[in-house]
file final01.cif (mmCIF, C-alpha atoms)
data_start
#
loop_
_atom_site.label_atom_id
_atom_site.label_comp_id
_atom_site.auth_asym_id
_atom_site.auth_seq_id
_atom_site.Cartn_x
_atom_site.Cartn_y
_atom_site.Cartn_z
CA MET J 1 -15.66 -24.24 -16.56
CA VAL J 2 -13.35 -21.45 -17.71
CA ASP J 3 -9.84 -22.58 -18.69
CA PHE J 4 -7.66 -20.29 -16.59
CA GLN J 5 -4.45 -21.18 -18.39
CA ALA J 6 -5.95 -20.34 -21.78
CA GLU J 7 -7.45 -17.12 -20.45
CA ASP J 8 -4.14 -16.14 -18.89
CA ARG J 9 -2.23 -16.75 -22.13
CA ARG J 10 -4.76 -14.69 -24.06
CA ALA J 11 -4.53 -11.85 -21.54
CA ARG J 12 -0.74 -11.82 -21.67
CA GLU J 13 -0.82 -11.56 -25.43
CA MET J 14 -3.29 -8.66 -25.27
CA LEU J 15 -1.18 -6.74 -22.76
CA ARG J 16 2.25 -7.43 -24.21
CA ASP J 17 2.71 -3.83 -25.40
CA LEU J 18 1.84 -2.30 -22.00
CA GLN J 19 4.80 -3.61 -20.01
CA ALA J 20 7.22 -0.68 -20.38
CA PRO J 21 7.07 2.15 -17.81
CA ARG J 22 7.14 5.75 -19.05
CA PRO J 23 9.64 7.59 -16.82
CA ARG J 24 8.23 11.03 -17.65
CA VAL J 25 4.81 10.01 -16.31
CA TYR J 26 6.35 8.79 -13.06
CA TRP J 27 8.51 11.87 -12.52
CA VAL J 28 5.84 14.44 -13.37
CA ASP J 29 3.23 12.67 -11.23
CA LEU J 30 5.61 12.33 -8.27
CA LEU J 31 6.80 15.96 -8.37
CA VAL J 32 3.36 17.48 -8.89
CA THR J 33 1.97 15.32 -6.08
CA ALA J 34 4.77 16.48 -3.76
CA VAL J 35 4.22 20.16 -4.58
CA VAL J 36 0.46 19.92 -4.05
CA GLY J 37 0.77 17.83 -0.89
CA TRP J 38 3.38 19.90 0.90
CA LEU J 39 1.91 23.27 -0.13
CA ALA J 40 -1.47 22.16 1.18
CA PHE J 41 0.18 20.89 4.36
CA GLY J 42 2.02 24.18 4.84
CA ALA J 43 -1.18 26.12 4.32
CA ALA J 44 -3.06 23.97 6.84
CA ALA J 45 -0.26 24.31 9.40
CA SER J 46 -0.25 28.12 9.08
CA MET J 47 -4.02 28.66 9.39
CA PRO J 48 -6.18 28.96 12.48
CA LEU J 49 -8.91 26.37 12.98
CA SER J 50 -11.39 27.03 10.19
CA PRO J 51 -13.17 25.29 7.31
CA GLU J 52 -10.34 26.46 5.04
CA MET J 53 -7.77 24.88 7.32
CA PHE J 54 -9.57 21.52 7.27
CA LEU J 55 -9.96 21.73 3.49
CA CYS J 56 -6.20 22.23 3.08
CA ALA J 57 -5.53 19.41 5.56
CA ALA J 58 -7.81 17.07 3.61
CA LEU J 59 -6.04 17.93 0.35
CA ALA J 60 -2.68 17.37 2.04
CA ALA J 61 -3.79 13.99 3.39
CA LEU J 62 -4.91 12.78 -0.04
CA ALA J 63 -1.84 14.10 -1.87
CA LEU J 64 0.70 12.83 0.66
CA TYR J 65 -1.04 9.47 0.74
CA ARG J 66 -0.79 9.38 -3.04
CA GLY J 67 2.89 10.24 -2.84
CA LEU J 68 3.57 7.46 -0.35
CA SER J 69 1.78 5.00 -2.65
CA PHE J 70 4.57 5.30 -5.22
CA ILE J 71 6.66 2.98 -3.04
CA HIS J 72 4.44 0.18 -4.35
CA GLU J 73 5.58 1.00 -7.88
CA ILE J 74 9.21 1.29 -6.78
CA SER J 75 9.03 -2.26 -5.39
CA HIS J 76 7.99 -3.65 -8.78
CA ILE J 77 9.65 -1.50 -11.44
CA ASN J 78 13.24 -2.23 -12.47
CA ARG J 79 15.50 0.44 -10.97
CA SER J 80 17.30 0.93 -14.28
CA SER J 81 14.01 2.16 -15.75
CA LEU J 82 13.70 4.91 -13.13
CA ARG J 83 17.18 5.90 -12.06
CA GLY J 84 17.21 8.02 -8.93
CA PHE J 85 13.45 7.70 -8.40
CA GLU J 86 13.72 5.83 -5.10
CA ARG J 87 16.23 8.36 -3.74
CA VAL J 88 14.03 11.34 -4.64
CA TRP J 89 10.94 9.58 -3.30
CA ASN J 90 12.69 9.10 0.05
CA ILE J 91 13.51 12.80 0.22
CA LEU J 92 10.03 13.98 -0.75
CA PHE J 93 7.94 11.43 1.15
CA GLY J 94 9.83 8.59 2.83
CA PHE J 95 11.91 10.62 5.29
CA PRO J 96 9.38 13.33 6.24
CA LEU J 97 6.65 10.70 6.66
CA LEU J 98 8.93 8.23 8.47
CA LEU J 99 8.53 5.44 5.94
CA PRO J 100 11.90 5.04 4.23
CA SER J 101 11.94 2.69 1.27
CA PHE J 102 13.72 -0.11 3.15
CA THR J 103 10.51 -0.69 5.14
CA TYR J 104 8.76 -1.91 1.98
CA LEU J 105 11.36 -3.09 -0.51
CA GLY J 106 12.22 -6.73 0.03
CA VAL J 107 9.01 -7.16 2.04
CA HIS J 108 6.18 -6.67 -0.42
CA GLN J 109 7.43 -9.36 -2.79
CA ALA J 110 6.34 -12.06 -0.31
CA HIS J 111 2.76 -10.90 -0.83
CA HIS J 112 2.99 -11.99 -4.47
CA ASN J 113 4.96 -15.21 -4.06
CA LEU J 114 2.81 -18.27 -4.73
CA SER J 115 4.38 -20.16 -1.83
CA THR J 116 3.65 -17.43 0.72
CA TYR J 117 0.58 -15.44 -0.40
CA GLY J 118 -2.24 -15.84 2.10
CA THR J 119 -0.12 -17.86 4.53
CA ALA J 120 1.53 -16.98 7.83
CA ARG J 121 4.62 -16.04 5.80
CA ASP J 122 2.74 -13.28 3.95
CA PRO J 123 3.49 -9.92 5.63
CA GLU J 124 0.43 -8.27 4.05
CA TYR J 125 -2.35 -10.75 4.68
CA LEU J 126 -4.63 -11.65 7.57
CA PRO J 127 -7.81 -13.79 7.49
CA PHE J 128 -10.16 -10.83 7.98
CA ALA J 129 -13.10 -12.72 6.47
CA GLN J 130 -13.07 -14.96 9.55
CA SER J 131 -13.40 -12.13 12.09
CA ARG J 132 -15.40 -8.92 11.85
CA ARG J 133 -13.82 -7.74 15.10
CA MET J 134 -10.30 -8.18 13.73
CA THR J 135 -11.24 -6.15 10.65
CA ILE J 136 -12.75 -3.26 12.63
CA VAL J 137 -9.87 -3.10 15.12
CA PHE J 138 -7.34 -3.16 12.29
CA ALA J 139 -9.09 -0.22 10.62
CA LEU J 140 -9.40 1.87 13.79
CA GLU J 141 -5.84 1.37 15.00
CA SER J 142 -4.48 2.69 11.71
CA VAL J 143 -4.85 6.28 12.93
CA LEU J 144 -2.17 5.49 15.53
CA ILE J 145 0.45 4.56 12.93
CA PRO J 146 2.03 8.06 12.86
CA GLY J 147 2.69 7.78 16.59
CA ILE J 148 4.20 4.33 16.22
CA LEU J 149 6.50 5.62 13.49
CA LEU J 150 7.58 8.54 15.68
CA LEU J 151 8.60 6.09 18.40
CA ARG J 152 10.32 3.80 15.90
CA PHE J 153 12.47 6.39 14.13
CA LEU J 154 12.90 9.15 16.71
CA VAL J 155 13.32 6.99 19.82
CA ALA J 156 14.21 3.39 18.93
CA ALA J 157 16.39 4.25 15.92
CA PRO J 158 18.90 6.45 17.80
CA VAL J 159 19.07 3.86 20.59
CA GLY J 160 19.85 1.17 18.03
CA LEU J 161 22.48 3.34 16.34
CA LEU J 162 24.19 4.20 19.63
CA LEU J 163 24.24 0.64 20.92
CA ALA J 164 25.12 -1.04 17.60
CA PRO J 165 28.92 -1.19 18.26
CA TRP J 166 28.50 -2.68 21.75
CA VAL J 167 25.10 -4.43 21.77
CA PRO J 168 24.44 -5.39 18.13
CA ARG J 169 21.49 -7.58 19.06
CA VAL J 170 19.41 -4.42 19.66
CA GLU J 171 19.91 -3.31 16.07
CA ARG J 172 19.24 -6.83 14.81
CA TRP J 173 16.03 -6.98 16.86
CA LEU J 174 14.87 -3.77 15.18
CA ALA J 175 15.73 -5.22 11.78
CA VAL J 176 13.78 -8.43 12.44
CA HIS J 177 10.75 -6.94 14.21
CA ALA J 178 10.54 -3.26 13.27
CA SER J 179 12.00 -2.63 9.84
CA SER J 180 8.99 -3.53 7.70
CA VAL J 181 5.55 -2.26 6.76
CA THR J 182 3.41 -5.28 7.61
CA MET J 183 -0.09 -6.13 8.77
CA ASN J 184 0.84 -9.64 9.86
CA PHE J 185 2.60 -9.03 13.17
CA THR J 186 3.89 -12.59 13.38
CA TRP J 187 5.98 -12.10 10.24
CA ARG J 188 9.73 -11.86 10.81
CA ARG J 189 12.24 -10.33 8.43
CA GLU J 190 15.48 -11.94 7.43
CA VAL J 191 18.45 -9.79 8.45
CA THR J 192 21.17 -9.13 5.89
CA ALA J 193 24.21 -6.89 5.87
CA GLU J 194 22.58 -4.82 3.12
CA LEU J 195 19.44 -4.28 5.20
CA LEU J 196 21.46 -3.20 8.25
CA LEU J 197 23.44 -0.75 6.13
CA LYS J 198 20.25 0.78 4.69
CA MET J 199 18.71 1.01 8.14
CA ARG J 200 21.71 2.86 9.54
CA ARG J 201 22.00 5.25 6.60
CA ASP J 202 18.31 6.12 6.33
CA SER J 203 17.80 6.30 10.09
CA MET J 204 20.61 8.84 10.38
CA LEU J 205 19.19 10.90 7.53
CA ILE J 206 15.74 10.85 9.13
CA LEU J 207 17.22 12.02 12.43
CA LEU J 208 18.97 14.90 10.64
CA VAL J 209 15.79 15.94 8.81
CA TRP J 210 13.58 15.64 11.84
CA GLY J 211 16.14 17.20 14.19
CA ALA J 212 16.23 20.31 11.99
CA ALA J 213 12.43 20.35 11.75
CA ILE J 214 11.98 20.08 15.53
CA ALA J 215 14.50 22.88 16.08
CA LEU J 216 13.00 25.25 13.52
CA LEU J 217 9.25 24.61 13.35
CA PRO J 218 6.51 25.37 15.91
CA ALA J 219 4.72 22.52 17.68
CA ARG J 220 1.53 23.23 15.73
CA VAL J 221 3.16 21.86 12.58
CA PHE J 222 3.64 18.46 14.18
CA PHE J 223 0.05 18.29 15.43
CA VAL J 224 -1.13 18.98 11.87
CA TRP J 225 1.37 16.40 10.59
CA PHE J 226 -0.10 13.81 12.94
CA GLY J 227 -3.69 14.58 11.94
CA VAL J 228 -2.99 14.66 8.22
CA TYR J 229 -0.93 11.48 8.36
CA GLY J 230 -3.49 9.68 10.52
CA ALA J 231 -6.24 10.51 8.02
CA GLY J 232 -4.15 9.26 5.10
CA SER J 233 -3.30 6.10 7.03
CA PHE J 234 -6.98 5.40 7.72
CA ILE J 235 -7.88 5.83 4.03
CA ASN J 236 -5.07 3.48 3.03
CA THR J 237 -6.28 0.89 5.54
CA LEU J 238 -9.80 0.96 4.11
CA ARG J 239 -8.26 0.58 0.66
CA THR J 240 -6.19 -2.37 1.87
CA LEU J 241 -9.25 -4.09 3.34
CA ALA J 242 -11.06 -3.65 0.02
CA ALA J 243 -8.17 -5.11 -2.01
CA HIS J 244 -8.80 -8.79 -1.18
CA ARG J 245 -11.51 -11.10 0.03
CA TYR J 246 -9.12 -12.38 2.73
CA GLU J 247 -10.72 -15.81 2.71
CA GLY J 248 -7.45 -17.71 3.03
CA ASN J 249 -7.14 -20.55 5.53
CA GLY J 250 -3.35 -20.45 5.84
CA GLU J 251 -2.66 -22.65 2.83
CA PRO J 252 -0.90 -21.29 -0.29
CA PHE J 253 -2.96 -20.19 -3.29
CA ASP J 254 -2.15 -21.00 -6.88
CA ARG J 255 -2.28 -18.15 -9.44
CA ARG J 256 -5.96 -18.73 -10.11
CA GLY J 257 -6.80 -18.75 -6.42
CA GLN J 258 -4.74 -15.61 -5.81
CA LEU J 259 -6.63 -13.81 -8.57
CA ARG J 260 -9.97 -14.94 -7.19
CA ASP J 261 -9.02 -13.67 -3.74
CA SER J 262 -8.10 -10.22 -5.11
CA ILE J 263 -10.39 -7.33 -6.06
CA ASP J 264 -10.44 -4.62 -8.72
CA THR J 265 -12.44 -1.43 -8.17
CA PRO J 266 -12.29 0.56 -11.45
CA GLY J 267 -14.87 3.03 -10.17
CA ALA J 268 -14.80 6.64 -11.39
CA TRP J 269 -12.43 9.58 -11.00
CA TRP J 270 -12.95 9.76 -7.23
CA THR J 271 -11.77 6.16 -6.85
CA GLU J 272 -8.28 7.47 -7.62
CA LEU J 273 -8.47 9.53 -4.41
CA TRP J 274 -8.72 6.51 -2.08
CA ALA J 275 -6.88 3.98 -4.30
CA PRO J 276 -4.22 6.03 -6.10
CA VAL J 277 -1.30 5.06 -8.35
CA GLY J 278 -3.05 2.03 -9.83
CA LEU J 279 -4.04 0.47 -6.50
CA ARG J 280 -7.68 0.26 -7.56
CA TYR J 281 -6.66 -2.44 -10.05
CA HIS J 282 -5.37 -4.76 -7.36
CA ALA J 283 -6.50 -8.06 -8.89
CA LEU J 284 -5.04 -7.08 -12.26
CA HIS J 285 -1.82 -6.15 -10.47
CA HIS J 286 -1.64 -9.57 -8.83
CA GLN J 287 -2.08 -11.27 -12.19
CA PHE J 288 0.44 -8.96 -13.92
CA PRO J 289 2.61 -7.37 -11.19
CA GLY J 290 5.04 -5.90 -13.72
CA LEU J 291 2.48 -3.64 -15.42
CA PRO J 292 3.24 0.04 -14.67
CA TYR J 293 0.44 1.89 -12.92
CA HIS J 294 -0.21 4.28 -15.80
CA ASN J 295 -1.15 1.34 -18.07
CA LEU J 296 -3.49 -0.51 -15.71
CA ALA J 297 -6.66 1.31 -16.79
CA GLU J 298 -5.92 0.54 -20.43
CA ALA J 299 -5.14 -3.08 -19.57
CA HIS J 300 -8.38 -3.42 -17.61
CA GLY J 301 -10.38 -1.95 -20.47
CA ARG J 302 -8.91 -4.38 -22.97
CA LEU J 303 -9.56 -7.40 -20.78
CA VAL J 304 -13.19 -6.65 -19.90
CA SER J 305 -14.00 -5.79 -23.53
CA VAL J 306 -12.65 -9.09 -24.87
CA LEU J 307 -13.00 -11.68 -22.12
CA GLY J 308 -16.40 -13.26 -21.63
CA SER J 309 -18.75 -12.44 -18.77
CA ASP J 310 -17.80 -15.75 -17.13
CA SER J 311 -14.07 -14.99 -17.24
CA ILE J 312 -12.05 -15.40 -14.07
CA TYR J 313 -10.60 -11.91 -14.34
CA ARG J 314 -13.98 -10.18 -14.70
CA ALA J 315 -15.13 -12.03 -11.57
CA SER J 316 -12.67 -9.91 -9.58
CA VAL J 317 -14.39 -6.59 -10.33
CA SER J 318 -16.19 -4.89 -7.43
CA HIS J 319 -18.83 -2.18 -7.66
CA GLY J 320 -17.06 0.04 -5.13
CA LEU J 321 -15.32 0.50 -1.79
CA LEU J 322 -18.48 0.11 0.29
CA THR J 323 -19.41 -3.01 -1.64
CA SER J 324 -16.08 -4.68 -0.90
CA LEU J 325 -16.02 -3.61 2.74
CA GLY J 326 -19.64 -4.64 3.25
CA ASN J 327 -18.89 -8.05 1.80
CA LEU J 328 -15.81 -8.45 3.99
CA LEU J 329 -17.79 -7.53 7.10
CA ARG J 330 -20.72 -9.72 6.02
CA LEU J 331 -23.11 -6.79 6.35
CA ARG J 332 -26.76 -7.01 5.40
CA THR J 333 -29.17 -4.37 4.16
CA ARG J 334 -32.95 -4.23 4.50
CA TRP J 335 -33.07 -6.10 1.18
CA GLY J 336 -30.77 -8.87 2.32
CA ARG J 337 -27.04 -9.31 2.11
CA PHE J 338 -24.88 -6.33 1.20
CA PRO J 339 -24.23 -6.15 -2.58
CA ILE J 340 -21.10 -8.10 -3.38
CA CYS J 341 -18.55 -8.32 -6.14
CA ARG J 342 -19.76 -9.70 -9.43
CA HIS J 343 -18.67 -13.18 -8.45
CA GLU J 344 -18.17 -14.69 -5.03
CA PRO J 345 -16.20 -17.92 -5.22
CA SER J 346 -14.59 -19.57 -2.27
CA ALA J 347 -10.99 -18.55 -1.70
CA HIS J 348 -9.50 -21.76 -3.12
CA GLU J 349 -12.03 -22.50 -5.83
CA GLY J 350 -10.21 -23.85 -8.80
CA SER J 351 -6.97 -24.25 -6.86
#
call {"tool": "encode", "arguments": {"input": "final01.cif", "output": "structure tokens"}}
result
Amino acid sequence: MVDFQAEDRRAREMLRDLQAPRPRVYWVDLLVTAVVGWLAFGAAASMPLSPEMFLCAALAALALYRGLSFIHEISHINRSSLRGFERVWNILFGFPLLLPSFTYLGVHQAHHNLSTYGTARDPEYLPFAQSRRMTIVFALESVLIPGILLLRFLVAAPVGLLLAPWVPRVERWLAVHASSVTMNFTWRREVTAELLLKMRRDSMLILLVWGAAIALLPARVFFVWFGVYGAGSFINTLRTLAAHRYEGNGEPFDRRGQLRDSIDTPGAWWTELWAPVGLRYHALHHQFPGLPYHNLAEAHGRLVSVLGSDSIYRASVSHGLLTSLGNLLRLRTRWGRFPICRHEPSAHEGS
């Protein structure tokens, strides 16, 4: 049996020089992604229905989805390493796409905590492996997320701001129940003075941005926004479903169990389209959450070239998106069960 502790120590030694983020990579990637995404969106919104319009909309969906994905990096990288990055990200993506950074920061960390990962206190985990219906419904309802966000920030937010001085419990209810990006709807957020301050500030800025947009732009722009955003949301949901085996039973995982429950999909260049900004290396990220996204491919290459074929890390590698989704849904082909990841342990094996 593979000694996980020894393998982990060896991996940490191999990746010691890959821990530092390169700010120039982050800034160039973010700004280029924003330019491509919003230019493609503007082109799609200005065209009549045509193949060219749908091509621009598809490019916009992929680029804006990539831009939103940087919030995952922001939640892990020390702010002193990327001064001003979160603020600029909010302006370029968070506010126009109604996902300000406060909806993710302070939430995502519970998905990595050993005491909460895979439990009812994990905001980003559901036992999908136990229910094919739950998995399919979760994927399909993702296209409605843009509408939910419109209601949250253009209807509920101003109500909360107006009533805050007289009925503060309305604002607190929004903070507890509607201030986080989660897939576990039973999860409740702890309310702090800092969170309430961020909610008020960012909600007001969103209302200013969107108020100006509604006053100046034709309705067609918002229909395109909804379609583009819905497509990006659906892609992200498929990516999320392919990121874990979701075989938890509500009990905490240790580090070995968490790694076994997570999936890497190195793939090829097109994998970056549906799992951008390092998200295709999800198991590696769970083992080393501090590694910057631009070093994950190098880290993966080092590990698979040195660790044995029976290593715990290499067991996390999937052949592709369809492989992982087929395994999650327990699909079968004419030849038998759908091809699976290179190793299929139980969720708590070795825990």
call {"tool": "closest_residue", "arguments": {"input": "final01.cif", "among": "J:Asn184, J:Ala193, J:Pro218, J:Leu30", "to": "Phe128 of chain J", "atoms": "only C-alpha atoms"}}
result
J:Asn184
call {"tool": "resolve_selection", "arguments": {"input": "final01.cif", "expression": "the PyMOL selection byres ((chain J and resi 161-167) around 10)", "output": "ChimeraX atom specification"}}
result
/J:156-160,168-172,199-201,203-204
call {"tool": "resolve_selection", "arguments": {"input": "final01.cif", "expression": "the PyMOL selection byres ((chain J and resi 56) around 9)", "output": "list in words"}}
result
Leu39, Ala40, Phe41, Gly42, Ala43, Ala44, Ala45, Pro51, Glu52, Met53, Phe54, Leu55, Ala57, Ala58, Leu59, Ala60 and Ala61 of chain J
call {"tool": "resolve_selection", "arguments": {"input": "final01.cif", "expression": "the PyMOL selection byres ((chain J and resi 249-262) around 8)", "output": "PyMOL selection string"}}
result
chain J and resi 4+114-120+127+243-248+263-264+282-284+286-287+312-313+315-316+345+347-351
call {"tool": "closest_residue", "arguments": {"input": "final01.cif", "among": "J:Asp3, J:Ser69, J:Arg10, J:Gln130", "to": "Val306 of chain J", "atoms": "only C-alpha atoms"}}
result
J:Arg10
call {"tool": "residues_around", "arguments": {"input": "final01.cif", "residues": "Leu205 of chain J", "least_positions_apart": "3", "cutoff": "12 Å", "atoms": "all atoms listed in the file", "output": "compact mmCIF listing (two decimals) with C-alpha atoms, in the coordinates of the input"}}
result
# COMPACT_ATOMS: atom_id res chain seq x y z
CA ARG J 87 16.23 8.36 -3.74
CA ASN J 90 12.69 9.10 0.05
CA ILE J 91 13.51 12.80 0.22
CA GLY J 94 9.83 8.59 2.83
CA PHE J 95 11.91 10.62 5.29
CA PRO J 96 9.38 13.33 6.24
CA LEU J 98 8.93 8.23 8.47
CA PRO J 100 11.90 5.04 4.23
CA PHE J 153 12.47 6.39 14.13
CA LEU J 154 12.90 9.15 16.71
CA ALA J 157 16.39 4.25 15.92
CA PRO J 158 18.90 6.45 17.80
CA LYS J 198 20.25 0.78 4.69
CA MET J 199 18.71 1.01 8.14
CA ARG J 200 21.71 2.86 9.54
CA ARG J 201 22.00 5.25 6.60
CA ASP J 202 18.31 6.12 6.33
CA LEU J 208 18.97 14.90 10.64
CA VAL J 209 15.79 15.94 8.81
CA TRP J 210 13.58 15.64 11.84
CA GLY J 211 16.14 17.20 14.19
CA ALA J 212 16.23 20.31 11.99
call {"tool": "closest_residue", "arguments": {"input": "final01.cif", "among": "J:Ile235, J:Ala275, J:Leu62, J:Ala129", "to": "Ser142 of chain J", "atoms": "only C-alpha atoms"}}
result
J:Ile235
call {"tool": "residues_around", "arguments": {"input": "final01.cif", "residues": "Phe70 of chain J", "least_positions_apart": "2", "cutoff": "10 Å", "atoms": "all atoms listed in the file", "output": "number ranges by chain"}}
result
J: 26, 29-30, 65-68, 72-75, 85-86, 89, 93, 276-279, 293
call {"tool": "closest_residue", "arguments": {"input": "final01.cif", "among": "J:Ser311, J:Thr182, J:Ser318, J:Thr271", "to": "Asp8 of chain J", "atoms": "all atoms listed in the file"}}
result
J:Ser311
call {"tool": "atom_distance", "arguments": {"input": "final01.cif", "atom1": "atom CA of Gly267 of chain J", "atom2": "atom CA of Leu325 of chain J"}}
result
14.6 Å
call {"tool": "atom_distance", "arguments": {"input": "final01.cif", "atom1": "atom CA of Glu190 of chain J", "atom2": "atom CA of Pro146 of chain J"}}
result
24.7 Å
call {"tool": "atom_distance", "arguments": {"input": "final01.cif", "atom1": "atom CA of Phe102 of chain J", "atom2": "atom CA of Asn236 of chain J"}}
result
19.1 Å
call {"tool": "closest_residue", "arguments": {"input": "final01.cif", "among": "J:Asn78, J:Thr186, J:Thr103, J:Thr135", "to": "Thr237 of chain J", "atoms": "only C-alpha atoms"}}
result
J:Thr135
call {"tool": "closest_residue", "arguments": {"input": "final01.cif", "among": "J:Thr323, J:Arg24, J:Leu195, J:Ser46", "to": "Leu217 of chain J", "atoms": "only C-alpha atoms"}}
result
J:Ser46
call {"tool": "residues_around", "arguments": {"input": "final01.cif", "residues": "Gly230 of chain J", "least_positions_apart": "5", "cutoff": "7 Å", "atoms": "all atoms listed in the file", "output": "PDB file with C-alpha atoms, in the frame of the given file"}}
result
ATOM      1  CA  VAL J 143      -4.850   6.280  12.930  1.00  0.00           C
ATOM      2  CA  LEU J 144      -2.170   5.490  15.530  1.00  0.00           C
ATOM      3  CA  ILE J 145       0.450   4.560  12.930  1.00  0.00           C
ATOM      4  CA  PRO J 146       2.030   8.060  12.860  1.00  0.00           C
TER       5      PRO J 146
END
call {"tool": "axis_aligned_box", "arguments": {"input": "final01.cif", "around": "segment 222-229 of chain J", "padding_each_side": "6 Å", "output": "AutoDock Vina command-line options"}}
result
--center_x 0.0 --center_y 15.2 --center_z 11.8 --size_x 19.3 --size_y 19.5 --size_z 19.2
